[in-house]
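S.K.: This structure is in structure tokens; I'll ask about it shortly.
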Amino acid sequence: MKAKHWICSFLLVLFCQSAFSQSGSELPDAAATSLVLSAQYSTAFGAHPSLYNGPEYVDYTKRYYKSIGHQFFLTSEKSEGSIYYNNHLFNNLKFTYDIAMDQVVLQQTTNPLTLRLVNEHVRSFTLAGRPFIRVVADSASSRALNTGYYEVLLDSTVQVLAKRYKRIQEQTSDGQLVINFLQKDAFFVKKGGVYYPANSRSAIIHLYNDHGKEIQKYIRANHLKFKTATYASDIIATTRYYLKLKHN
């Protein structure tokens, strides 16, 4: 209720300012006024407390003598993106995604405090053009995957997801404690409303066994090896071909 009251008050103030600024001339067109108010609202809402309300993010790598690699997705630098948080879509943000701890990390705009968003309040986000959703595992899906953020590689009647994460390894160097981040990926297919692990060529062929012969022929003809470097593109290509077969 407080958020709704704040929004209504904000829009009323903007409208009054816009109306009074037009004194001595014709009132602005309603559609144009709506666009102006929407743009002004979006700019102001970017710093709304509904976004910057998570607990502080503490960089745990500072406890170590040295870090080998980093804990973030793609880069340790903040990248542009959007976040659907607390039932609001926030665009034009710069943030990072700690894939070792599965946390979205955002810095305050007015001070150096870094926050981690409350996972339960994040529905989805896009970072550097890469879309992620938060999947909540239930009793049926928990055998295949855990609750967390998953990159959406293909979103159709069959959905392909990737879990991006880094395993933390502690080691000593010259008597000092060092933290090492090891990149790992896991892949999943959602078919018929059910999530399945899809981390090998044989698993994918089994998932698409209603067109098994055609799928195997397609994989051989296109020299899909399902190696680490090409796994994502190979599973996307195979799934798209499977969907084409299903729709024929």
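FYI, nothing fancy with the structure tokens labels: chains A, B, ... in order, residues from 1 per chain, ligands from 1 as they appear.
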Quick one: residues within 9 Å of Leu154 in chain A, only C-alpha atoms, excluding same-chain residues fewer than 2 positions away - as a ChimeraX atom specification?

M.R.: /A:152,156,158-161,236,239-240

S.K.: When you look at Val189 in chain A with a cut-off of 12 Å (counting only C-alpha atoms), what residues show up, excluding the ones that are within fewer than 4 positions of it in the same chain? I need them as a PyMOL selection string.

M.R.: chain A and resi 141+144-145+150-163+193-200+203-208+232+235-236+238-239

S.K.: Quick one: everything within 12 Å of Arg63 in chain A, counting only C-alpha atoms, minus sequence neighbours fewer than 4 positions away in the same chain. Send it as a PDB file with N, CA and C atoms, in the first residue's frame.

M.R.:
ATOM      1  N   VAL A  58      29.143  -8.619   0.925  1.00  0.00           N
ATOM      2  CA  VAL A  58      30.522  -8.569   1.394  1.00  0.00           C
ATOM      3  C   VAL A  58      31.388  -9.405   0.451  1.00  0.00           C
ATOM      4  N   ASP A  59      32.407  -8.789  -0.105  1.00  0.00           N
ATOM      5  CA  ASP A  59      33.309  -9.497  -1.020  1.00  0.00           C
ATOM      6  C   ASP A  59      34.192 -10.438  -0.206  1.00  0.00           C
ATOM      7  N   SER A  67      43.318 -14.197  -5.090  1.00  0.00           N
ATOM      8  CA  SER A  67      42.234 -14.872  -5.797  1.00  0.00           C
ATOM      9  C   SER A  67      42.716 -15.304  -7.173  1.00  0.00           C
ATOM     10  N   GLU A 170      39.864 -23.854  -2.094  1.00  0.00           N
ATOM     11  CA  GLU A 170      40.875 -23.188  -1.274  1.00  0.00           C
ATOM     12  C   GLU A 170      42.185 -23.958  -1.356  1.00  0.00           C
ATOM     13  N   GLN A 176      50.227 -19.021   2.465  1.00  0.00           N
ATOM     14  CA  GLN A 176      49.069 -18.127   2.474  1.00  0.00           C
ATOM     15  C   GLN A 176      47.867 -18.824   1.830  1.00  0.00           C
ATOM     16  N   LEU A 177      46.671 -18.465   2.306  1.00  0.00           N
ATOM     17  CA  LEU A 177      45.448 -19.077   1.796  1.00  0.00           C
ATOM     18  C   LEU A 177      44.993 -18.373   0.518  1.00  0.00           C
ATOM     19  N   VAL A 178      44.768 -19.169  -0.518  1.00  0.00           N
ATOM     20  CA  VAL A 178      44.375 -18.656  -1.832  1.00  0.00           C
ATOM     21  C   VAL A 178      43.014 -19.238  -2.199  1.00  0.00           C
ATOM     22  N   ILE A 179      42.171 -18.430  -2.827  1.00  0.00           N
ATOM     23  CA  ILE A 179      40.869 -18.911  -3.292  1.00  0.00           C
ATOM     24  C   ILE A 179      40.894 -19.027  -4.811  1.00  0.00           C
TER      25      ILE A 179
END

S.K.: Just to confirm, what's the straight-line distance from CA of Arg164 in chain A to CA of Leu115 in chain A in Å (one decimal)?

M.R.: 20.8 Å

S.K.: For Tyr149 in chain A, which of A:His48, A:Lys246, A:Arg123, A:His88 is the closest residue, counting only C-alpha atoms?

M.R.: A:Arg123

S.K.: Within 6 Å of range 92-101 of chain A, counting only C-alpha atoms, which residues show up once you throw out same-chain ones fewer than 2 positions away? Write them as a PyMOL selection string, please.

M.R.: chain A and resi 71-73+78-82+103-106+165-166

S.K.: Just the selected residues (N, CA, C and O atoms), exported as a PDB file, in the first residue's frame, please.

M.R.:
ATOM      1  N   GLN A  71      34.500 -14.481  -8.907  1.00  0.00           N
ATOM      2  CA  GLN A  71      33.253 -15.190  -8.613  1.00  0.00           C
ATOM      3  C   GLN A  71      32.087 -14.799  -9.509  1.00  0.00           C
ATOM      4  O   GLN A  71      30.980 -15.316  -9.339  1.00  0.00           O
ATOM      5  N   PHE A  72      32.308 -13.919 -10.471  1.00  0.00           N
ATOM      6  CA  PHE A  72      31.188 -13.345 -11.212  1.00  0.00           C
ATOM      7  C   PHE A  72      30.979 -13.977 -12.586  1.00  0.00           C
ATOM      8  O   PHE A  72      31.877 -14.602 -13.152  1.00  0.00           O
ATOM      9  N   PHE A  73      29.784 -13.772 -13.115  1.00  0.00           N
ATOM     10  CA  PHE A  73      29.430 -14.240 -14.452  1.00  0.00           C
ATOM     11  C   PHE A  73      30.067 -13.324 -15.495  1.00  0.00           C
ATOM     12  O   PHE A  73      29.906 -12.105 -15.438  1.00  0.00           O
ATOM     13  N   LYS A  78      30.905  -4.342 -13.566  1.00  0.00           N
ATOM     14  CA  LYS A  78      29.447  -4.227 -13.684  1.00  0.00           C
ATOM     15  C   LYS A  78      29.051  -4.118 -15.154  1.00  0.00           C
ATOM     16  O   LYS A  78      29.692  -3.421 -15.935  1.00  0.00           O
ATOM     17  N   SER A  79      27.986  -4.829 -15.514  1.00  0.00           N
ATOM     18  CA  SER A  79      27.468  -4.802 -16.880  1.00  0.00           C
ATOM     19  C   SER A  79      26.040  -4.271 -16.874  1.00  0.00           C
ATOM     20  O   SER A  79      25.356  -4.295 -15.847  1.00  0.00           O
ATOM     21  N   GLU A  80      25.594  -3.810 -18.031  1.00  0.00           N
ATOM     22  CA  GLU A  80      24.248  -3.253 -18.133  1.00  0.00           C
ATOM     23  C   GLU A  80      23.206  -4.363 -18.206  1.00  0.00           C
ATOM     24  O   GLU A  80      23.452  -5.438 -18.750  1.00  0.00           O
ATOM     25  N   GLY A  81      22.044  -4.054 -17.655  1.00  0.00           N
ATOM     26  CA  GLY A  81      20.967  -5.031 -17.711  1.00  0.00           C
ATOM     27  C   GLY A  81      19.711  -4.523 -17.048  1.00  0.00           C
ATOM     28  O   GLY A  81      19.583  -3.337 -16.723  1.00  0.00           O
ATOM     29  N   SER A  82      18.777  -5.427 -16.843  1.00  0.00           N
ATOM     30  CA  SER A  82      17.506  -5.107 -16.196  1.00  0.00           C
ATOM     31  C   SER A  82      17.174  -6.208 -15.201  1.00  0.00           C
ATOM     32  O   SER A  82      17.634  -7.345 -15.340  1.00  0.00           O
ATOM     33  N   GLN A 103      24.067 -14.937  -6.341  1.00  0.00           N
ATOM     34  CA  GLN A 103      23.544 -13.679  -5.821  1.00  0.00           C
ATOM     35  C   GLN A 103      23.686 -12.568  -6.861  1.00  0.00           C
ATOM     36  O   GLN A 103      24.737 -12.440  -7.501  1.00  0.00           O
ATOM     37  N   VAL A 104      22.628 -11.769  -7.014  1.00  0.00           N
ATOM     38  CA  VAL A 104      22.663 -10.585  -7.872  1.00  0.00           C
ATOM     39  C   VAL A 104      23.166  -9.423  -7.029  1.00  0.00           C
ATOM     40  O   VAL A 104      22.615  -9.142  -5.956  1.00  0.00           O
ATOM     41  N   VAL A 105      24.210  -8.749  -7.510  1.00  0.00           N
ATOM     42  CA  VAL A 105      24.914  -7.742  -6.714  1.00  0.00           C
ATOM     43  C   VAL A 105      24.752  -6.374  -7.369  1.00  0.00           C
ATOM     44  O   VAL A 105      25.063  -6.197  -8.548  1.00  0.00           O
ATOM     45  N   LEU A 106      24.282  -5.412  -6.582  1.00  0.00           N
ATOM     46  CA  LEU A 106      23.945  -4.087  -7.093  1.00  0.00           C
ATOM     47  C   LEU A 106      24.533  -3.028  -6.175  1.00  0.00           C
ATOM     48  O   LEU A 106      24.461  -3.149  -4.949  1.00  0.00           O
ATOM     49  N   TYR A 165      27.762 -21.677 -12.776  1.00  0.00           N
ATOM     50  CA  TYR A 165      28.266 -21.557 -11.411  1.00  0.00           C
ATOM     51  C   TYR A 165      29.772 -21.780 -11.381  1.00  0.00           C
ATOM     52  O   TYR A 165      30.370 -22.284 -12.346  1.00  0.00           O
ATOM     53  N   LYS A 166      30.363 -21.376 -10.281  1.00  0.00           N
ATOM     54  CA  LYS A 166      31.789 -21.578 -10.069  1.00  0.00           C
ATOM     55  C   LYS A 166      31.994 -22.264  -8.724  1.00  0.00           C
ATOM     56  O   LYS A 166      31.429 -21.844  -7.713  1.00  0.00           O
TER      57      LYS A 166
END

S.K.: Residues of range 69-150 of chain A in strand (DSSP E) according to DSSP, as a PyMOL selection string?

M.R.: chain A and resi 79-85+88-98+103-107+114-116+122-127+130-135+148-150

S.K.: Using Å and a single decimal, report how far CA of Lys190 in chain A sits from CA of Arg134 in chain A.

M.R.: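 Separation between CA of Arg134 in chain A and CA of Lys190 in chain A: 13.9 Å.
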
S.K.: Between A:His70, A:His121, A:Lys191, A:Arg116, which has the minimum distance to Glu56 in chain A (counting only C-alpha atoms)?

M.R.: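 Among the listed residues, the smallest separation from Glu56 in chain A belongs to A:Arg116.
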
S.K.: Based on DSSP run over this structure's backbone, return all residues of range 12-229 of chain A in alpha helix (DSSP H), as a PyMOL selection string.

M.R.: chain A and resi 12-20+30-45+201-207+212-221

S.K.: Would you export the selected residues with C-alpha atoms as a tab-separated table (two decimals), in the first residue's frame, please?

M.R.:
chain	number	residue	atom	x	y	z
A	12	LEU	CA	0.27	13.66	-9.30
A	13	VAL	CA	3.20	15.99	-8.62
A	14	LEU	CA	4.65	15.39	-12.07
A	15	PHE	CA	1.30	16.04	-13.71
A	16	CYS	CA	0.80	19.30	-11.81
A	17	GLN	CA	4.29	20.46	-12.73
A	18	SER	CA	3.67	19.64	-16.37
A	19	ALA	CA	0.29	21.36	-16.39
A	20	PHE	CA	1.48	24.58	-14.74
A	30	ALA	CA	-3.02	13.55	-23.38
A	31	ALA	CA	-0.93	10.87	-25.07
A	32	ALA	CA	2.16	13.10	-25.16
A	33	THR	CA	1.69	14.00	-21.51
A	34	SER	CA	1.41	10.32	-20.63
A	35	LEU	CA	4.70	9.56	-22.40
A	36	VAL	CA	6.48	12.41	-20.62
A	37	LEU	CA	5.18	11.32	-17.23
A	38	SER	CA	6.12	7.71	-17.94
A	39	ALA	CA	9.69	8.69	-18.84
A	40	GLN	CA	10.05	10.91	-15.77
A	41	TYR	CA	8.58	8.18	-13.57
A	42	SER	CA	10.94	5.52	-14.95
A	43	THR	CA	13.95	7.75	-14.28
A	44	ALA	CA	12.92	8.46	-10.70
A	45	PHE	CA	11.77	4.92	-9.99
A	201	ARG	CA	24.75	-36.26	-26.00
A	202	SER	CA	23.11	-39.53	-24.95
A	203	ALA	CA	20.87	-37.71	-22.45
A	204	ILE	CA	19.66	-35.34	-25.15
A	205	ILE	CA	18.97	-38.16	-27.61
A	206	HIS	CA	17.01	-39.97	-24.89
A	207	LEU	CA	14.95	-36.85	-24.14
A	212	GLY	CA	15.46	-40.43	-31.98
A	213	LYS	CA	16.62	-41.60	-35.41
A	214	GLU	CA	16.19	-38.18	-36.99
A	215	ILE	CA	17.99	-36.51	-34.07
A	216	GLN	CA	20.96	-38.88	-34.29
A	217	LYS	CA	21.17	-38.35	-38.05
A	218	TYR	CA	21.07	-34.57	-37.57
A	219	ILE	CA	23.84	-34.69	-34.95
A	220	ARG	CA	26.09	-36.77	-37.21
A	221	ALA	CA	25.39	-34.69	-40.32

S.K.: Please indicate the distance in Å from CA of Leu117 in chain A to CA of Leu89 in chain A, rounded to one decimal place.

M.R.: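 The value is 13.8 Å.
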
S.K.: Considering only C-alpha atoms, can you say which of A:Val122, A:Leu113, A:Ile68, A:Ile133 comes closest to Asn86 in chain A?

M.R.: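 Selected residue with least distance to Asn86 in chain A: A:Val122.
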
S.K.: Excluding same-chain residues fewer than 5 positions from Ile168 in chain A, what lies within 7 Å of it counting only C-alpha atoms, as a PyMOL selection string?

M.R.: chain A and resi 179-182
